[in-house]
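input_30.cif follows (mmCIF, C-alpha atoms):
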```cif
data_target
loop_
_atom_site.group_PDB
_atom_site.id
_atom_site.type_symbol
_atom_site.label_atom_id
_atom_site.label_comp_id
_atom_site.auth_asym_id
_atom_site.auth_seq_id
_atom_site.Cartn_x
_atom_site.Cartn_y
_atom_site.Cartn_z
ATOM 1 C CA MET A 1 244.601 -92.809 -145.401
ATOM 2 C CA THR A 2 242.640 -89.604 -144.854
ATOM 3 C CA THR A 3 239.974 -88.441 -147.256
ATOM 4 C CA ALA A 4 242.117 -85.446 -148.272
ATOM 5 C CA LEU A 5 245.073 -87.712 -149.101
ATOM 6 C CA LYS A 6 242.832 -90.063 -151.085
ATOM 7 C CA ALA A 7 241.388 -87.130 -153.029
ATOM 8 C CA GLY A 8 244.881 -85.797 -153.733
ATOM 9 C CA ARG A 9 246.045 -89.200 -154.912
ATOM 10 C CA ARG A 10 243.022 -89.561 -157.217
ATOM 11 C CA LEU A 11 243.800 -86.105 -158.624
ATOM 12 C CA ILE A 12 247.384 -87.153 -159.382
ATOM 13 C CA VAL A 13 246.259 -90.385 -161.059
ATOM 14 C CA THR A 14 243.608 -88.511 -163.051
ATOM 15 C CA THR A 15 246.183 -85.914 -164.104
ATOM 16 C CA VAL A 16 248.641 -88.613 -165.149
ATOM 17 C CA LEU A 17 246.054 -90.452 -167.213
ATOM 18 C CA LEU A 18 244.610 -87.297 -168.765
ATOM 19 C CA ALA A 19 248.060 -86.076 -169.729
ATOM 20 C CA ALA A 20 248.778 -89.425 -171.358
ATOM 21 C CA ALA A 21 245.551 -89.308 -173.330
ATOM 22 C CA VAL A 22 246.221 -85.768 -174.539
ATOM 23 C CA GLY A 23 249.945 -86.307 -175.164
ATOM 24 C CA CYS A 24 252.590 -83.689 -175.675
ATOM 25 C CA SER A 25 253.124 -81.226 -178.430
ATOM 26 C CA ASP A 26 256.338 -79.587 -179.528
ATOM 27 C CA GLY A 27 255.904 -76.874 -182.121
ATOM 28 C CA GLY A 28 252.900 -78.584 -183.658
ATOM 29 C CA SER A 29 254.467 -82.018 -183.940
ATOM 30 C CA SER A 30 253.621 -84.639 -181.388
ATOM 31 C CA ALA A 31 256.385 -85.908 -179.104
ATOM 32 C CA ALA A 32 256.799 -89.017 -176.976
ATOM 33 C CA SER A 33 255.282 -88.675 -173.544
ATOM 34 C CA CYS A 34 256.164 -90.174 -170.181
ATOM 35 C CA ALA A 35 252.823 -89.078 -168.721
ATOM 36 C CA GLY A 36 250.547 -91.938 -167.788
ATOM 37 C CA LEU A 37 253.382 -94.448 -167.663
ATOM 38 C CA VAL A 38 253.441 -96.959 -164.804
ATOM 39 C CA THR A 39 255.982 -99.702 -164.197
ATOM 40 C CA PHE A 40 255.138 -103.096 -162.741
ATOM 41 C CA GLN A 41 257.506 -106.094 -162.608
ATOM 42 C CA ASN A 42 260.013 -104.305 -164.867
ATOM 43 C CA ARG A 43 257.405 -103.688 -167.591
ATOM 44 C CA ASP A 44 256.026 -100.311 -168.645
ATOM 45 C CA TYR A 45 252.295 -99.823 -169.169
ATOM 46 C CA LEU A 46 250.229 -96.959 -170.590
ATOM 47 C CA PRO A 47 246.507 -96.248 -170.081
ATOM 48 C CA THR A 48 243.919 -97.264 -172.638
ATOM 49 C CA VAL A 49 240.547 -95.691 -173.328
ATOM 50 C CA ASN A 50 237.074 -96.979 -174.108
ATOM 51 C CA GLU A 51 237.765 -100.635 -173.304
ATOM 52 C CA ASP A 52 235.594 -102.772 -171.046
ATOM 53 C CA PHE A 53 237.506 -104.854 -168.526
ATOM 54 C CA THR A 54 237.021 -106.630 -165.222
ATOM 55 C CA VAL A 55 239.449 -106.085 -162.367
ATOM 56 C CA GLY A 56 240.924 -109.235 -160.870
ATOM 57 C CA GLU A 57 243.044 -109.843 -157.788
ATOM 58 C CA LYS A 58 245.444 -107.350 -156.248
ATOM 59 C CA LEU A 59 248.954 -107.925 -157.616
ATOM 60 C CA GLY A 60 251.019 -105.447 -155.627
ATOM 61 C CA THR A 61 252.353 -101.960 -156.189
ATOM 62 C CA ALA A 62 253.181 -100.266 -159.484
ATOM 63 C CA ALA A 63 255.584 -97.335 -159.717
ATOM 64 C CA VAL A 64 254.614 -94.020 -161.281
ATOM 65 C CA PRO A 65 257.901 -92.471 -162.462
ATOM 66 C CA GLU A 66 258.482 -88.744 -162.165
ATOM 67 C CA CYS A 67 257.540 -87.038 -165.418
ATOM 68 C CA ASP A 68 258.081 -83.523 -166.711
ATOM 69 C CA ASP A 69 257.091 -83.446 -170.377
ATOM 70 C CA THR A 70 256.745 -79.661 -170.274
ATOM 71 C CA PRO A 71 259.882 -78.291 -168.599
ATOM 72 C CA ASN A 72 258.755 -74.698 -169.228
ATOM 73 C CA ASP A 73 255.588 -75.282 -167.184
ATOM 74 C CA PRO A 74 256.569 -76.690 -163.776
ATOM 75 C CA ASP A 75 252.934 -76.784 -162.618
ATOM 76 C CA VAL A 76 252.214 -79.861 -164.759
ATOM 77 C CA ALA A 77 255.154 -82.010 -163.642
ATOM 78 C CA ILE A 78 254.071 -85.368 -162.231
ATOM 79 C CA PRO A 79 255.846 -86.485 -159.049
ATOM 80 C CA GLU A 80 257.142 -90.017 -158.518
ATOM 81 C CA GLY A 81 254.606 -92.203 -156.770
ATOM 82 C CA LYS A 82 253.123 -95.619 -156.158
ATOM 83 C CA ILE A 83 249.712 -97.069 -157.019
ATOM 84 C CA THR A 84 248.025 -100.427 -156.506
ATOM 85 C CA ALA A 85 248.206 -102.865 -159.431
ATOM 86 C CA TYR A 86 245.453 -105.385 -160.156
ATOM 87 C CA ALA A 87 245.144 -108.294 -162.552
ATOM 88 C CA VAL A 88 242.696 -107.946 -165.439
ATOM 89 C CA LYS A 89 240.435 -110.962 -165.824
ATOM 90 C CA GLY A 90 241.104 -112.807 -169.064
ATOM 91 C CA MET A 91 244.429 -111.013 -169.727
ATOM 92 C CA ASP A 92 247.994 -111.985 -168.912
ATOM 93 C CA THR A 93 249.817 -109.466 -166.708
ATOM 94 C CA SER A 94 252.590 -109.335 -169.304
ATOM 95 C CA LEU A 95 250.043 -107.609 -171.587
ATOM 96 C CA ALA A 96 247.752 -105.633 -169.272
ATOM 97 C CA ILE A 97 247.108 -104.614 -165.671
ATOM 98 C CA ALA A 98 244.704 -102.239 -163.961
ATOM 99 C CA VAL A 99 245.852 -99.542 -161.527
ATOM 100 C CA GLY A 100 243.980 -97.475 -158.964
ATOM 101 C CA ASP A 101 243.385 -96.856 -155.279
ATOM 102 C CA THR A 102 240.539 -99.407 -155.320
ATOM 103 C CA PRO A 103 239.296 -101.967 -157.854
ATOM 104 C CA ALA A 104 236.287 -99.727 -158.561
ATOM 105 C CA GLU A 105 238.577 -96.801 -159.470
ATOM 106 C CA ALA A 106 241.083 -98.844 -161.475
ATOM 107 C CA THR A 107 242.148 -97.882 -165.001
ATOM 108 C CA LEU A 108 243.167 -100.392 -167.667
ATOM 109 C CA MET A 109 246.836 -100.198 -168.644
ATOM 110 C CA ARG A 110 248.385 -102.039 -171.593
ATOM 111 C CA ILE A 111 252.024 -102.949 -172.107
ATOM 112 C CA HIS A 112 254.058 -100.149 -173.669
ATOM 113 C CA GLU A 113 256.306 -101.302 -176.473
ATOM 114 C CA GLU A 114 258.623 -98.667 -177.833
ATOM 115 C CA VAL A 115 258.943 -98.544 -181.583
ATOM 116 C CA ARG A 116 262.592 -98.339 -182.532
#
```
Spell out the structure here as structure tokens.
Amino acid sequence: MTTALKAGRRLIVTTVLLAAAVGCSDGGSSAASCAGLVTFQNRDYLPTVNEDFTVGEKLGTAAVPECDDTPNDPDVAIPEGKITAYAVKGMDTSLAIAVGDTPAEATLMRIHEEVR
């Protein structure tokens, strides 16, 4: 992969994770967000912040679903994509994974459980 493609991919991942951390707002009330979501083995994961973790072995590929939380601002839509998934040492993959282009760039993701 060329350096330009790697940089573009890192920008997309950074945008996805930043958008998830910030969340969405609708008239002052917060709304559910698809930003930051990745799917691996039919489970959805969202990024976490300020947690130490150690990346384990490569697991495969996680899907980044298309996301447009702000339909009136097409410049912030996130395209569908793929990213490498890694195990997290000491954690079951049903609870957490790490995603990134390399283990050094990986971000911790925890299982997303919708509250109904």
Padding 5 Å on each side, edges along x, y and z: where is the centre of the box around the listed atoms of stretch 83-94 of chain A, and how long are its edges in Å to one decimal? Output it as lines of an AutoDock Vina configuration file.
```
center_x = 246.5
center_y = -104.9
center_z = -163.1
size_x = 22.2
size_y = 25.7
size_z = 23.2
```
Nearest candidate to A:Ile78 (options A:His112, A:Val38, A:Phe53, A:Gly60; using only C-alpha atoms): A:Val38
Determine the residue set returned by the PyMOL selection byres ((chain A and resi 82) around 9) for the present structure, and present it as an MDAnalysis selection string. chainID A and resid 38 61:65 80:81 83:84
Quick check, in Å to one decimal: how far apart do atom CA of A:Asn50 and atom CA of A:Met91 lie?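 Distance between the two atoms: 16.4 Å.
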So, counting all atoms listed in the file, which residue among A:Ile111, A:Val99, A:Val55, A:Ala104 is closest to A:Asn42?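 Using all atoms listed in the file, A:Asn42 sits closest to A:Ile111.
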Which value, in Å to one decimal, gives the distance between atom CA of A:Ala98 and atom CA of A:Thr70?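 Going from atom CA of A:Ala98 over to atom CA of A:Thr70 covers 26.4 Å.
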From the options A:Glu57, A:Asp92, A:Asp52, A:Glu66, which residue's atoms come nearest to A:Thr39, counting all atoms listed in the file? A:Glu66
Please measure the separation of atom CA of A:Thr102 and atom CA of A:Pro79, giving the value in Å to one decimal. 20.4 Å
Near A:Ile97, within 9 Å and counting all atoms listed in the file, which residues show up once chain neighbours fewer than 5 positions away are dropped, as a list in words? Phe40, Tyr45, Val55, Leu59, Ala85, Tyr86, Ala87, Val88, Met91, Asp92, Thr107, Leu108, Met109, Arg110 and Ile111 of chain A
Preceding selection exported with C-alpha atoms as a PDB file, keeping the file's coordinate frame:
```pdb
ATOM      1  CA  PHE A  40     255.138-103.096-162.741  1.00  0.00           C
ATOM      2  CA  TYR A  45     252.295 -99.823-169.169  1.00  0.00           C
ATOM      3  CA  VAL A  55     239.449-106.085-162.367  1.00  0.00           C
ATOM      4  CA  LEU A  59     248.954-107.925-157.616  1.00  0.00           C
ATOM      5  CA  ALA A  85     248.206-102.865-159.431  1.00  0.00           C
ATOM      6  CA  TYR A  86     245.453-105.385-160.156  1.00  0.00           C
ATOM      7  CA  ALA A  87     245.144-108.294-162.552  1.00  0.00           C
ATOM      8  CA  VAL A  88     242.696-107.946-165.439  1.00  0.00           C
ATOM      9  CA  MET A  91     244.429-111.013-169.727  1.00  0.00           C
ATOM     10  CA  ASP A  92     247.994-111.985-168.912  1.00  0.00           C
ATOM     11  CA  THR A 107     242.148 -97.882-165.001  1.00  0.00           C
ATOM     12  CA  LEU A 108     243.167-100.392-167.667  1.00  0.00           C
ATOM     13  CA  MET A 109     246.836-100.198-168.644  1.00  0.00           C
ATOM     14  CA  ARG A 110     248.385-102.039-171.593  1.00  0.00           C
ATOM     15  CA  ILE A 111     252.024-102.949-172.107  1.00  0.00           C
TER      16      ILE A 111
END
```
Point out the residue among A:Lys89, A:Asp68, A:Gly36, A:Asp101 with the least atom-to-atom distance to A:Gly56, counting all atoms listed in the file.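 Closest to A:Gly56 of all the choices is A:Lys89.
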Nearest to A:Cys67, chosen from A:Thr93, A:Val49, A:Cys34, A:Glu105, with all atoms listed in the file counted in the distances: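 Looking only at the distances to A:Cys67, the closest residue turns out to be A:Cys34.
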